[in-house]
>>> print(open('data.cif').read())   # mmCIF, C-alpha atoms
data_query
#
loop_
_atom_site.label_atom_id
_atom_site.label_comp_id
_atom_site.auth_asym_id
_atom_site.auth_seq_id
_atom_site.Cartn_x
_atom_site.Cartn_y
_atom_site.Cartn_z
CA MET A 1 23.29 76.53 40.52
CA LYS A 2 22.86 79.95 42.16
CA LYS A 3 25.28 82.74 41.19
CA TYR A 4 26.21 85.68 43.42
CA CYS A 5 27.79 89.00 42.46
CA LEU A 6 31.16 89.60 44.08
CA GLY A 7 31.20 92.78 46.15
CA LEU A 8 27.46 92.65 46.80
CA LEU A 9 27.03 90.70 50.02
CA LEU A 10 24.41 87.97 49.74
CA THR A 11 22.81 89.65 46.71
CA PHE A 12 21.38 87.15 44.25
CA CYS A 13 21.98 87.95 40.58
CA VAL A 14 19.34 86.59 38.27
CA GLN A 15 20.91 86.32 34.82
CA GLN A 16 18.45 86.73 31.96
CA PRO A 17 18.99 87.55 28.29
CA ALA A 18 18.46 91.22 27.47
CA LEU A 19 15.21 91.87 25.72
CA ALA A 20 14.85 94.36 22.88
CA ASP A 21 12.79 97.43 23.71
CA VAL A 22 11.33 97.48 20.18
CA GLU A 23 10.40 94.11 18.74
CA LEU A 24 9.13 94.01 15.17
CA VAL A 25 7.94 91.24 12.89
CA PHE A 26 8.90 91.42 9.22
CA GLY A 27 6.68 89.43 6.89
CA ILE A 28 7.47 87.89 3.54
CA TYR A 29 5.95 85.07 1.51
CA THR A 30 7.71 82.24 -0.29
CA SER A 31 8.19 83.46 -3.85
CA ASP A 32 11.27 81.19 -3.66
CA LYS A 33 12.37 78.50 -1.16
CA ALA A 34 12.12 79.59 2.49
CA THR A 35 15.85 79.00 3.07
CA ALA A 36 16.65 81.25 0.12
CA MET A 37 14.35 83.94 1.50
CA VAL A 38 16.16 83.97 4.86
CA LYS A 39 19.56 84.18 3.17
CA GLN A 40 18.31 87.01 0.99
CA PHE A 41 16.63 89.20 3.62
CA ARG A 42 18.38 88.59 6.96
CA PRO A 43 21.34 90.86 6.08
CA MET A 44 18.96 93.73 5.27
CA LEU A 45 17.02 93.21 8.49
CA ASN A 46 20.26 93.30 10.46
CA VAL A 47 21.10 96.68 8.93
CA ILE A 48 17.61 98.00 9.67
CA GLU A 49 17.90 96.85 13.30
CA SER A 50 21.23 98.62 13.71
CA LYS A 51 20.19 101.90 12.10
CA MET A 52 16.84 102.05 13.91
CA THR A 53 18.52 101.34 17.26
CA VAL A 54 20.65 104.44 16.78
CA LYS A 55 17.75 106.50 15.43
CA LEU A 56 15.32 105.60 18.22
CA GLY A 57 17.87 105.43 21.03
CA GLU A 58 16.65 102.00 22.14
CA PRO A 59 17.39 98.42 21.06
CA VAL A 60 15.46 97.16 18.03
CA GLN A 61 15.02 93.50 17.17
CA ILE A 62 13.32 92.21 14.00
CA ARG A 63 11.99 88.69 13.61
CA MET A 64 11.27 87.31 10.16
CA GLN A 65 8.00 85.50 9.49
CA ILE A 66 7.78 83.60 6.21
CA SER A 67 4.27 82.79 5.02
CA LYS A 68 3.67 79.65 3.00
CA ASN A 69 1.86 81.54 0.24
CA TYR A 70 0.96 85.03 -0.96
CA GLN A 71 -2.55 85.06 0.53
CA GLU A 72 -1.38 84.09 4.00
CA GLY A 73 1.25 86.83 3.93
CA LEU A 74 -1.32 89.36 2.77
CA ASN A 75 -3.75 88.36 5.52
CA ASP A 76 -1.03 88.64 8.16
CA LEU A 77 -0.33 92.27 7.20
CA VAL A 78 -4.00 93.22 6.98
CA ASP A 79 -4.71 91.60 10.36
CA GLY A 80 -1.72 93.28 12.02
CA LYS A 81 0.05 89.97 12.76
CA ILE A 82 3.19 91.39 11.15
CA ASP A 83 4.47 94.95 11.47
CA PHE A 84 5.95 95.50 8.03
CA ALA A 85 6.45 93.49 4.88
CA ARG A 86 7.97 93.31 1.44
CA PHE A 87 5.26 92.44 -1.09
CA GLY A 88 4.83 92.23 -4.80
CA PRO A 89 2.83 95.10 -6.33
CA ALA A 90 -0.34 93.03 -6.77
CA SER A 91 -0.28 91.91 -3.13
CA TYR A 92 0.16 95.54 -2.06
CA ILE A 93 -2.89 96.56 -4.09
CA LEU A 94 -5.00 93.75 -2.60
CA ALA A 95 -3.80 94.63 0.91
CA LYS A 96 -4.57 98.32 0.31
CA GLU A 97 -8.12 97.43 -0.71
CA ALA A 98 -8.58 95.38 2.47
CA ALA A 99 -6.80 97.84 4.80
CA PRO A 100 -6.70 101.35 3.31
CA LYS A 101 -4.57 102.72 6.17
CA ILE A 102 -1.50 100.58 5.49
CA THR A 103 1.55 102.75 4.72
CA LEU A 104 3.96 102.60 1.80
CA LEU A 105 7.43 102.86 3.33
CA ALA A 106 9.54 102.78 0.16
CA MET A 107 10.04 100.86 -3.06
CA GLU A 108 13.15 99.05 -4.20
CA SER A 109 15.56 100.71 -6.61
CA ASN A 110 16.71 98.71 -9.64
CA HIS A 111 19.76 100.67 -10.80
CA GLY A 112 17.88 103.86 -10.00
CA SER A 113 14.73 102.67 -11.77
CA LYS A 114 11.34 101.73 -10.38
CA THR A 115 10.90 98.88 -12.88
CA PHE A 116 12.27 95.41 -13.62
CA ASN A 117 11.29 92.56 -15.96
CA GLY A 118 9.17 89.47 -15.96
CA VAL A 119 9.94 86.65 -18.40
CA ILE A 120 7.94 84.13 -20.38
CA CYS A 121 10.19 81.15 -20.97
CA VAL A 122 10.17 77.76 -22.69
CA HIS A 123 12.53 74.78 -22.77
CA SER A 124 15.74 75.62 -24.61
CA ASP A 125 15.01 72.87 -27.16
CA SER A 126 11.42 74.00 -27.75
CA ILE A 127 10.29 74.99 -31.23
CA ILE A 128 8.24 77.79 -29.62
CA GLU A 129 9.82 81.10 -30.60
CA SER A 130 7.17 83.69 -29.71
CA VAL A 131 4.04 84.14 -27.62
CA SER A 132 1.89 83.61 -30.72
CA ASP A 133 3.20 80.01 -30.85
CA LEU A 134 1.61 79.22 -27.47
CA LYS A 135 -1.83 78.44 -28.89
CA GLY A 136 -2.70 74.88 -27.87
CA LYS A 137 0.23 74.70 -25.43
CA SER A 138 0.38 74.30 -21.65
CA PHE A 139 1.40 77.18 -19.38
CA ALA A 140 2.69 77.44 -15.80
CA PHE A 141 1.80 80.53 -13.77
CA GLY A 142 3.06 81.37 -10.27
CA ASP A 143 0.83 82.27 -7.34
CA GLN A 144 -2.71 83.48 -8.05
CA ASN A 145 -1.82 86.77 -6.32
CA SER A 146 1.55 87.13 -8.09
CA THR A 147 2.15 90.30 -10.13
CA ILE A 148 4.46 88.63 -12.65
CA GLY A 149 3.34 85.06 -12.10
CA ARG A 150 -0.27 85.90 -12.87
CA TYR A 151 -1.55 89.40 -13.55
CA LEU A 152 1.09 90.89 -15.84
CA SER A 153 1.82 87.66 -17.68
CA GLN A 154 -1.88 87.04 -18.33
CA ALA A 155 -2.29 90.63 -19.50
CA TYR A 156 0.68 90.17 -21.85
CA LEU A 157 -0.75 86.94 -23.25
CA ALA A 158 -4.16 88.53 -23.79
CA GLN A 159 -2.57 91.50 -25.57
CA HIS A 160 -0.99 89.00 -27.98
CA SER A 161 -4.31 87.18 -28.56
CA ILE A 162 -3.56 84.21 -26.29
CA THR A 163 -6.42 83.64 -23.84
CA SER A 164 -7.09 80.85 -21.35
CA LYS A 165 -9.34 79.08 -23.86
CA GLN A 166 -6.54 78.96 -26.41
CA LEU A 167 -4.13 77.23 -24.05
CA GLU A 168 -4.29 73.46 -23.80
CA HIS A 169 -4.24 73.87 -20.02
CA TYR A 170 -2.60 75.97 -17.32
CA SER A 171 -1.84 75.73 -13.61
CA TYR A 172 -0.72 77.93 -10.72
CA LEU A 173 2.44 76.49 -9.17
CA GLY A 174 3.02 79.08 -6.44
CA ARG A 175 6.72 79.97 -6.51
CA HIS A 176 8.77 81.41 -9.37
CA ASP A 177 11.45 78.74 -9.07
CA LYS A 178 8.81 76.00 -9.32
CA VAL A 179 7.58 77.53 -12.58
CA GLY A 180 11.07 77.59 -14.08
CA THR A 181 11.79 74.02 -12.95
CA ALA A 182 8.48 72.76 -14.35
CA VAL A 183 9.26 74.26 -17.77
CA ALA A 184 12.87 73.03 -17.70
CA THR A 185 11.67 69.47 -17.00
CA GLU A 186 9.04 69.78 -19.77
CA GLN A 187 6.04 69.43 -17.46
CA PHE A 188 4.74 72.61 -19.12
CA ASP A 189 5.47 74.12 -22.52
CA ALA A 190 5.93 77.63 -21.14
CA GLY A 191 5.76 79.66 -17.93
CA ALA A 192 6.06 83.12 -16.42
CA LEU A 193 8.56 84.11 -13.72
CA LYS A 194 10.70 87.02 -12.61
CA GLU A 195 13.87 87.66 -14.60
CA ASN A 196 16.22 87.23 -11.61
CA THR A 197 14.92 83.72 -10.93
CA PHE A 198 15.07 82.86 -14.63
CA LYS A 199 18.73 83.96 -14.82
CA LYS A 200 19.60 82.07 -11.62
CA LEU A 201 18.09 78.84 -12.97
CA VAL A 202 19.85 79.21 -16.32
CA LYS A 203 23.16 79.84 -14.54
CA LYS A 204 22.64 76.56 -12.66
CA GLY A 205 22.17 74.75 -15.96
CA ALA A 206 18.39 74.70 -16.38
CA PRO A 207 17.57 74.34 -20.12
CA LEU A 208 15.44 77.46 -20.51
CA LYS A 209 15.12 80.26 -23.04
CA ALA A 210 13.13 83.49 -22.89
CA ILE A 211 10.60 84.25 -25.62
CA ALA A 212 9.20 87.48 -24.14
CA TYR A 213 9.89 90.13 -21.53
CA PHE A 214 7.39 92.48 -19.88
CA GLU A 215 7.86 95.34 -17.43
CA ASN A 216 6.93 95.24 -13.77
CA VAL A 217 7.17 97.85 -10.99
CA THR A 218 9.69 97.22 -8.20
CA LYS A 219 8.48 95.77 -4.94
CA PRO A 220 7.07 97.96 -2.15
CA TRP A 221 7.91 97.71 1.54
CA ILE A 222 4.76 98.31 3.56
CA ALA A 223 3.87 99.03 7.19
CA SER A 224 0.79 97.63 8.89
CA ALA A 225 -1.99 100.08 9.71
CA THR A 226 -1.56 99.05 13.36
CA LEU A 227 2.13 99.99 13.59
CA ASN A 228 3.04 102.93 15.83
CA GLU A 229 3.48 106.14 13.80
CA LYS A 230 6.90 106.85 15.33
CA ILE A 231 8.16 103.39 14.34
CA THR A 232 6.63 103.70 10.87
CA THR A 233 8.41 107.01 10.29
CA SER A 234 11.70 105.58 11.56
CA LEU A 235 11.36 102.56 9.28
CA LYS A 236 10.71 104.75 6.25
CA GLU A 237 13.65 107.04 6.96
CA THR A 238 15.88 104.03 7.61
CA LEU A 239 15.02 102.26 4.35
CA LEU A 240 15.59 105.39 2.29
CA SER A 241 19.02 105.87 3.89
CA ILE A 242 20.38 102.33 3.42
CA THR A 243 23.57 102.08 1.37
CA ASP A 244 25.10 98.90 2.85
CA PRO A 245 26.50 97.06 -0.22
CA ASP A 246 26.22 93.53 1.19
CA ALA A 247 22.61 93.89 2.33
CA LEU A 248 21.59 95.47 -0.97
CA LYS A 249 23.44 92.84 -2.99
CA ALA A 250 21.57 90.12 -1.13
CA ILE A 251 18.21 91.47 -2.30
CA LYS A 252 19.67 92.28 -5.75
CA LYS A 253 18.80 95.97 -5.53
CA ASP A 254 20.86 99.14 -5.13
CA GLY A 255 18.75 101.05 -2.64
CA PHE A 256 15.26 102.33 -1.94
CA LEU A 257 13.18 105.10 -3.50
CA LEU A 258 10.24 107.18 -2.32
CA ALA A 259 6.99 105.43 -3.23
CA THR A 260 3.46 106.64 -3.83
CA ASP A 261 0.30 104.70 -4.55
CA SER A 262 0.28 106.09 -8.11
CA ASP A 263 3.51 104.18 -8.82
CA TYR A 264 1.38 101.03 -8.84
CA GLN A 265 -1.48 102.25 -11.02
CA LYS A 266 -0.21 100.23 -14.00
CA ILE A 267 -0.47 97.05 -11.95
CA ARG A 268 -3.91 98.00 -10.68
CA MET A 269 -5.09 98.35 -14.29
CA ALA A 270 -3.60 94.99 -15.28
CA MET A 271 -5.40 93.33 -12.37
CA ALA A 272 -8.67 94.97 -13.41
CA ASN A 273 -8.23 93.65 -16.96
CA THR A 274 -7.72 89.99 -16.01
CA GLN A 275 -11.06 89.16 -17.59
CA PHE A 276 -9.56 89.59 -21.07
CA PHE A 277 -7.33 86.55 -20.48
CA ASN A 278 -10.31 84.54 -19.22
CA GLU A 279 -12.58 85.36 -22.15
#
>>> encode(input="data.cif", output="C-alpha cells")
Amino acid sequence: MKKYCLGLLLTFCVQQPALADVELVFGIYTSDKATAMVKQFRPMLNVIESKMTVKLGEPVQIRMQISKNYQEGLNDLVDGKIDFARFGPASYILAKEAAPKITLLAMESNHGSKTFNGVICVHSDSIIESVSDLKGKSFAFGDQNSTIGRYLSQAYLAQHSITSKQLEHYSYLGRHDKVGTAVATEQFDAGALKENTFKKLVKKGAPLKAIAYFENVTKPWIASATLNEKITTSLKETLLSITDPDALKAIKKDGFLLATDSDYQKIRMAMANTQFFNE
C-alpha cells in the first residue's frame, strides 16, 4: 500500500532501511562452535561499530563471516573477501607469507601480557602423568594450521623426545573443543588445546586433566591488504582504545596492545621446526 507524507501534497515517500556508509566484513574461523563464536565476538564488533562511527563521522556496519576451517578463513583474508580478521599466530604468519601487505592492527592483551597457554591433556582417570608417557599412545591435534593445536604442541612433544613415529597414531580434529571432547570420551589418549577451552570443558564436567602447559602468543587482529588506509588506521586506533568491560569479557581478554611482526617470531620458528616432530 502506498504511503504519503502529510504536509507534502501528492509526494510519494519511498521507505527504505538506512544503509551504512561504511560496511565491513569481519572474518573468523571456527576454533569452537559457530554459535559460540558469534556470542563471543558480536559484542566486540558492536563496540567497534559505535566507536568508528563517531571517529569517521559516518555510519559503520560490520558483518561477521565465520569460515568452516582455518584455511578457508586465511584464504578469505588473502583474497580480500573479508576486511579484517582475528587469527591465531600461525594463520597470521601463513597469511603474511601469501600477502605481505596485510596489516597488523593490534594483539589481544591477557592481563597486560602478550602470552597465554596451550594445554596437553588426558582423561582424568588416565595413568599418563607426563609427556614422556605418551610413547605408543594416540594423540588428537586441532586444525593443521592451528598454533596451539598443531605447531606449538608438536614442537613441545619433539622437545620431549616424542615424535610422530613414537605415537600409536594421531589425527587432526579441527576445533579445540572437539579435541577436548575426544580425549574426555577416550577416543584418544591425549590432545592439545587452548587453556580457556580446556577450563571451560572441565567446568562443564568433562573428565580431563592437564599434563603439560606451553606458552603461546596472543592472537592478532589483522587488516586485509585491500582495505582503505583511512579505515585501517581507524580500526587500529579503535581497537587500542577499547575498554568496554562486557565486550572484553566476552573474548576473555582485557584490552589490546600494539603489535609488531617480531612479536610472532617465536611462532614462526616453531612452524619452521615442524620437521623434528615428523622425523
>>> closest_residue(input="data.cif", among="A:Leu167, A:Leu157, A:Ala223, A:Cys121", to="A:Leu208", atoms="all atoms listed in the file")
A:Cys121
>>> residues_near_point(input="data.cif", point="(9.5, 102.3, 6.1)", cutoff="9 Å", atoms="only C-alpha atoms", output="PyMOL selection string")
chain A and resi 84+103-106+221-223+231-240
>>> write_last_selection(input="data.cif", atoms="C-alpha atoms", output="tab-separated table (two decimals), in the frame of the given file")
chain	number	residue	atom	x	y	z
A	84	PHE	CA	5.95	95.50	8.03
A	103	THR	CA	1.55	102.75	4.72
A	104	LEU	CA	3.96	102.60	1.80
A	105	LEU	CA	7.43	102.86	3.33
A	106	ALA	CA	9.54	102.78	0.16
A	221	TRP	CA	7.91	97.71	1.54
A	222	ILE	CA	4.76	98.31	3.56
A	223	ALA	CA	3.87	99.03	7.19
A	231	ILE	CA	8.16	103.39	14.34
A	232	THR	CA	6.63	103.70	10.87
A	233	THR	CA	8.41	107.01	10.29
A	234	SER	CA	11.70	105.58	11.56
A	235	LEU	CA	11.36	102.56	9.28
A	236	LYS	CA	10.71	104.75	6.25
A	237	GLU	CA	13.65	107.04	6.96
A	238	THR	CA	15.88	104.03	7.61
A	239	LEU	CA	15.02	102.26	4.35
A	240	LEU	CA	15.59	105.39	2.29
>>> closest_residue(input="data.cif", among="A:Asn278, A:His169, A:Gly112, A:Gln154", to="A:Gly136", atoms="all atoms listed in the file")
A:His169
>>> atom_distance(input="data.cif", atom1="atom CA of A:Phe256", atom2="atom CA of A:Ser241")
7.8 Å
>>> resolve_selection(input="data.cif", expression="the PyMOL selection byres ((chain A and resi 96) around 12)", output="PyMOL selection string")
chain A and resi 74-75+77-78+87+89-95+97-104+220+222-225+261+264+268
>>> atom_distance(input="data.cif", atom1="atom CA of A:Gly142", atom2="atom CA of A:Glu195")
13.2 Å
>>> closest_atom_pairs(input="data.cif", of="stretch 25-51 of chain A", to="stretch 177-190 of chain A", cutoff="10 Å", atoms="all atoms listed in the file", output="CSV")
residue,atom,partner,partner_atom,distance
A:Ser31,CA,A:Asp177,CA,7.8
A:Asp32,CA,A:Asp177,CA,5.9
A:Lys33,CA,A:Asp177,CA,8.0
>>> write_last_selection(input="data.cif", atoms="C-alpha atoms", output="PDB file, in the coordinates of the input")
ATOM      1  CA  SER A  31       8.190  83.460  -3.850  1.00  0.00           C
ATOM      2  CA  ASP A  32      11.270  81.190  -3.660  1.00  0.00           C
ATOM      3  CA  LYS A  33      12.370  78.500  -1.160  1.00  0.00           C
TER       4      LYS A  33
END
